[in-house]
Amino acid sequence: MSCSLDLKNVSVANEGVILFENISLHVGHKEKIAIVGANGCGKTTLLEVLAGLREKTSGRLELFHHTIEKKSDYQPFRSMVGYLFQDSNDQFLCPIVKDDIAFSLLARGMQKSMAAKRVAMILEDLHITHLSEKVVYSLSGGEKKLVALAGVLVCEPKLLLLDEPTNALDELMQTRLTQILLELEKSIVVVSHDKDFVKEFSQSIYTVKERSLVRIA
Amino acid sequence: MLVIVCIYSFFISLQTTIFVSFLPLCLFSLYYAKYNLAQVVKRVLLFNIFIIFVVISTLIAGNLELALLVFIRSNLIFITLTAFFCKTDMFQIALAMQILRLPRVFVSVFYLSAKAIFLLKMELKRFIKTLKVRGFQAKTSLFSYQIYSNFFGLLIIKSFQNANSIQKMLLIKGFNDRLFSLSETKQISMQEWLTLLLLCTSFLSYGALL
């Protein structure tokens, strides 16, 4: 199935405040787009709508050519969409790194041995094999980000939604993360206010302006 | 180990007389936690703050025997439990409960509550750091009480936020009321055999004494 995500005249409100009005957005197969904007303009809220974690007020959301009316319509596509939280601490369920990464695989019914192989592979790909037995809360900010990303990538999602992936990362870690994301052949939507990262990473850039999305690059 | 300690605790909680034969298992648990004794003692002391209230109220009612029974019984159970599980994290305990076929919802609620408490504990630590950094000194003043009440307010808001993000994370991870781990179930260790032996010995000597 080719990946696509379509928003048509979608409006989004948060606690009664309208954040987006009649916005449209298309994310094609293996396309990498970025949404930038000031703090508090609703970037994360929009990403949550795309991830099916929040209901839109009106408009049409199409995911993999299927119309999503309510949150429950999202369920069959949940395993095909990866979501990286802004705060990595929100991403963890299990205390040990390898258990946390394997959780989604095991919850979807994969055999333990197979899941262990996949976890080992993803840890190696991200060069964080040394962290596999560590407690997630004892890791540094950058390490947590990579572990959280490993937990998302291990499920091999077709669409990745990343909320401020470079947040709190040093230059070296940021370069490493950008490299990893560039090598991924997936559709990716990134929300960020890190302009350098966004320029390097994405094919098209949108900004939030007066409750609408405007393409700037 | 969880099963043994549960049987032991349940058995002691039903007793109206405490025999010396119940002690070896409790003492062995302290030996088991020899490297974490300070942590165990700290927890037992904290626990006893609550127990002492019960004991005092029973003493006021004029029942010395019952007060002693409550004190010894609850301490025996708590020390054994804390000492055996001081090194075990909540995830391992929840997994063990799941292996023991306890209801899925119960296990999930147990683990998620433990996680929520852990997150609030982290919040408390952060708050204490903030107070130190900003030069706060606790005094008997309205300002200090205001700060503490603000903290409780923040804690409530934070717990709502935490619950919200945990719910989103569970949805993203495909959580279906079950916990998983890549670690293999361990074989029964020597220490566990010994604990079982001590439990059986206490039962047998208890029976003989009766």
# chains A, B, ... in the order shown; residues from 1 in each chain; ligands from 1
$ residues_around --residues "region 93-104 of chain B" --least-positions-apart "4" --cutoff "7 Å" --atoms "only C-alpha atoms" --output "ChimeraX atom specification"
/B:88-89,108,111,177-179
$ interface_residues --of "chain A" --to "chain B" --cutoff "6 Å" --atoms "only C-alpha atoms" --output "list in words"
Gln91, Asp99 and Ser104 of chain A
$ write_last_selection --atoms "C-alpha atoms" --output "tab-separated table (two decimals), in the first residue's frame"
chain	number	residue	atom	x	y	z
A	91	GLN	CA	7.14	7.47	24.99
A	99	ASP	CA	11.69	-4.31	26.60
A	104	SER	CA	4.75	-2.73	20.30
$ residues_around --residues "region 118-133 of chain A" --least-positions-apart "3" --cutoff "7 Å" --atoms "only C-alpha atoms" --output "number ranges by chain"
A: 96-98, 101-102, 114-115, 150, 154
$ write_last_selection --atoms "all heavy atoms" --output "short mmCIF file (atom, residue, chain, number, x, y, z; two decimals), in the first residue's frame"
data_model
loop_
_atom_site.label_atom_id
_atom_site.label_comp_id
_atom_site.auth_asym_id
_atom_site.auth_seq_id
_atom_site.Cartn_x
_atom_site.Cartn_y
_atom_site.Cartn_z
N ILE A 96 13.12 -1.09 31.01
CA ILE A 96 14.37 -1.50 30.34
C ILE A 96 14.26 -1.19 28.84
O ILE A 96 13.22 -1.45 28.21
CB ILE A 96 14.65 -3.01 30.55
CG1 ILE A 96 14.69 -3.34 32.05
CG2 ILE A 96 15.94 -3.46 29.86
CD1 ILE A 96 15.81 -2.72 32.85
N VAL A 97 15.34 -0.66 28.28
CA VAL A 97 15.35 -0.20 26.89
C VAL A 97 14.84 -1.26 25.91
O VAL A 97 13.90 -1.03 25.14
CB VAL A 97 16.77 0.28 26.49
CG1 VAL A 97 16.89 0.48 24.99
CG2 VAL A 97 17.12 1.57 27.21
N LYS A 98 15.42 -2.47 25.96
CA LYS A 98 15.05 -3.50 24.97
C LYS A 98 13.58 -3.92 25.12
O LYS A 98 12.90 -4.17 24.12
CB LYS A 98 15.99 -4.70 25.04
CG LYS A 98 15.94 -5.46 26.34
CD LYS A 98 16.74 -6.73 26.25
CE LYS A 98 16.52 -7.51 27.54
NZ LYS A 98 17.20 -8.73 27.65
N ILE A 101 11.41 -1.13 23.57
CA ILE A 101 11.44 -1.13 22.10
C ILE A 101 10.60 -2.30 21.57
O ILE A 101 9.87 -2.16 20.58
CB ILE A 101 12.90 -1.20 21.58
CG1 ILE A 101 13.65 0.06 22.01
CG2 ILE A 101 12.94 -1.33 20.06
CD1 ILE A 101 15.13 0.06 21.71
N ALA A 102 10.69 -3.43 22.26
CA ALA A 102 9.99 -4.63 21.77
C ALA A 102 8.50 -4.60 22.05
O ALA A 102 7.74 -5.38 21.46
CB ALA A 102 10.60 -5.87 22.41
N MET A 114 11.59 -13.54 17.47
CA MET A 114 11.56 -12.67 16.29
C MET A 114 11.69 -11.21 16.73
O MET A 114 12.45 -10.43 16.12
CB MET A 114 10.23 -12.90 15.55
CG MET A 114 10.13 -12.25 14.21
SD MET A 114 11.28 -12.98 13.08
CE MET A 114 11.24 -11.78 11.77
N ALA A 115 10.93 -10.86 17.79
CA ALA A 115 10.96 -9.48 18.30
C ALA A 115 12.36 -9.13 18.79
O ALA A 115 12.86 -8.03 18.53
CB ALA A 115 9.95 -9.33 19.42
N ALA A 150 13.84 4.40 18.16
CA ALA A 150 14.00 2.96 17.89
C ALA A 150 12.67 2.25 18.14
O ALA A 150 12.27 1.38 17.36
CB ALA A 150 15.09 2.38 18.78
N VAL A 154 11.03 0.32 14.97
CA VAL A 154 11.05 -1.14 15.03
C VAL A 154 9.78 -1.75 14.42
O VAL A 154 9.80 -2.86 13.89
CB VAL A 154 11.30 -1.62 16.48
CG1 VAL A 154 10.03 -1.56 17.32
CG2 VAL A 154 11.88 -3.01 16.51
#
$ residues_around --residues "Cys155 (chain A)" --least-positions-apart "3" --cutoff "7 Å" --atoms "only C-alpha atoms" --output "list in words"
Ser79, Leu105 and Val152 of chain A
$ write_last_selection --atoms "C-alpha atoms" --output "short mmCIF file (atom, residue, chain, number, x, y, z; two decimals), in the first residue's frame"
data_model
loop_
_atom_site.label_atom_id
_atom_site.label_comp_id
_atom_site.auth_asym_id
_atom_site.auth_seq_id
_atom_site.Cartn_x
_atom_site.Cartn_y
_atom_site.Cartn_z
CA SER A 79 0.62 -0.13 13.29
CA LEU A 105 5.94 -5.82 18.42
CA VAL A 152 8.86 3.76 16.69
#
$ select_by_dssp --residues "region 14-211 of chain A" --states "strand (DSSP E or B)" --output "MDAnalysis selection string"
chainID A and resid 14 17:27 32:36 58:63 66:68 81:84 96 135 159:163 187:191 204:209
$ write_last_selection --atoms "C-alpha atoms" --output "mmCIF file, in the first residue's frame"
data_model
loop_
_atom_site.group_PDB
_atom_site.id
_atom_site.type_symbol
_atom_site.label_atom_id
_atom_site.label_comp_id
_atom_site.auth_asym_id
_atom_site.auth_seq_id
_atom_site.Cartn_x
_atom_site.Cartn_y
_atom_site.Cartn_z
ATOM 1 C CA ASN A 14 -8.275 22.914 21.393
ATOM 2 C CA VAL A 17 -9.989 27.819 20.778
ATOM 3 C CA ILE A 18 -9.821 27.386 17.013
ATOM 4 C CA LEU A 19 -6.219 26.621 16.061
ATOM 5 C CA PHE A 20 -6.637 25.718 12.392
ATOM 6 C CA GLU A 21 -9.405 26.629 9.989
ATOM 7 C CA ASN A 22 -9.980 24.892 6.648
ATOM 8 C CA ILE A 23 -6.435 23.688 6.194
ATOM 9 C CA SER A 24 -5.413 21.257 3.470
ATOM 10 C CA LEU A 25 -2.258 19.172 3.332
ATOM 11 C CA HIS A 26 -1.051 16.265 1.248
ATOM 12 C CA VAL A 27 1.771 13.933 2.206
ATOM 13 C CA LYS A 32 9.242 14.302 3.809
ATOM 14 C CA ILE A 33 7.509 17.457 4.929
ATOM 15 C CA ALA A 34 8.017 19.825 7.829
ATOM 16 C CA ILE A 35 5.694 22.145 9.680
ATOM 17 C CA VAL A 36 7.287 25.091 11.408
ATOM 18 C CA SER A 58 -14.561 19.499 10.748
ATOM 19 C CA GLY A 59 -13.184 18.570 7.339
ATOM 20 C CA ARG A 60 -11.863 15.366 5.855
ATOM 21 C CA LEU A 61 -8.866 13.258 6.869
ATOM 22 C CA GLU A 62 -7.741 10.491 4.536
ATOM 23 C CA LEU A 63 -5.100 8.010 5.606
ATOM 24 C CA HIS A 66 -9.334 5.589 3.711
ATOM 25 C CA THR A 67 -11.485 8.286 5.248
ATOM 26 C CA ILE A 68 -11.014 8.722 8.981
ATOM 27 C CA VAL A 81 1.873 5.055 11.690
ATOM 28 C CA GLY A 82 4.756 5.861 14.025
ATOM 29 C CA TYR A 83 4.531 8.782 16.415
ATOM 30 C CA LEU A 84 7.440 10.332 18.284
ATOM 31 C CA ILE A 96 14.371 -1.503 30.336
ATOM 32 C CA VAL A 135 16.958 1.733 32.458
ATOM 33 C CA LEU A 159 4.240 7.044 7.928
ATOM 34 C CA LEU A 160 6.294 8.762 10.629
ATOM 35 C CA LEU A 161 5.015 11.693 12.641
ATOM 36 C CA LEU A 162 7.786 13.372 14.603
ATOM 37 C CA ASP A 163 7.176 16.070 17.171
ATOM 38 C CA SER A 187 6.696 9.355 4.459
ATOM 39 C CA ILE A 188 7.602 11.680 7.293
ATOM 40 C CA VAL A 189 5.880 14.692 8.820
ATOM 41 C CA VAL A 190 8.071 16.671 11.176
ATOM 42 C CA VAL A 191 6.928 19.439 13.447
ATOM 43 C CA SER A 204 8.543 20.894 1.512
ATOM 44 C CA ILE A 205 8.131 23.229 4.456
ATOM 45 C CA TYR A 206 4.878 24.644 5.762
ATOM 46 C CA THR A 207 4.373 27.331 8.331
ATOM 47 C CA VAL A 208 1.416 28.074 10.550
ATOM 48 C CA LYS A 209 0.010 31.511 9.769
#
$ residues_around --residues "His193 (chain A)" --least-positions-apart "4" --cutoff "9 Å" --atoms "only C-alpha atoms" --output "compact mmCIF listing (two decimals) with N, CA and C atoms, in the first residue's frame"
# COMPACT_ATOMS: atom_id res chain seq x y z
N ILE A 35 6.59 21.05 9.30
CA ILE A 35 5.69 22.14 9.68
C ILE A 35 6.41 22.96 10.75
N VAL A 36 6.61 24.23 10.44
CA VAL A 36 7.29 25.09 11.41
C VAL A 36 6.30 26.14 11.93
N GLY A 37 6.67 26.78 12.98
CA GLY A 37 5.78 27.81 13.53
C GLY A 37 6.19 28.17 14.93
N ALA A 38 5.64 29.27 15.39
CA ALA A 38 5.99 29.75 16.73
C ALA A 38 5.48 28.82 17.81
N ASN A 39 6.00 28.98 19.00
CA ASN A 39 5.53 28.17 20.14
C ASN A 39 4.04 28.44 20.39
N GLU A 164 9.02 17.62 17.21
CA GLU A 164 10.29 18.23 17.67
C GLU A 164 11.37 17.17 17.91
N ASN A 167 14.67 18.42 19.51
CA ASN A 167 14.51 19.14 20.77
C ASN A 167 15.53 18.64 21.82
N PHE A 197 17.56 22.28 10.78
CA PHE A 197 17.23 20.86 10.64
C PHE A 197 16.16 20.66 9.57
N VAL A 198 15.15 21.51 9.62
CA VAL A 198 14.02 21.41 8.70
C VAL A 198 14.47 21.59 7.25
$ atom_distance --atom1 "CA of Pro95 (chain A)" --atom2 "CA of Val136 (chain A)"
5.6 Å
$ residues_around --residues "Ala138 (chain B)" --least-positions-apart "4" --cutoff "10 Å" --atoms "only C-alpha atoms" --output "ChimeraX atom specification"
/B:131,143-145,147-148
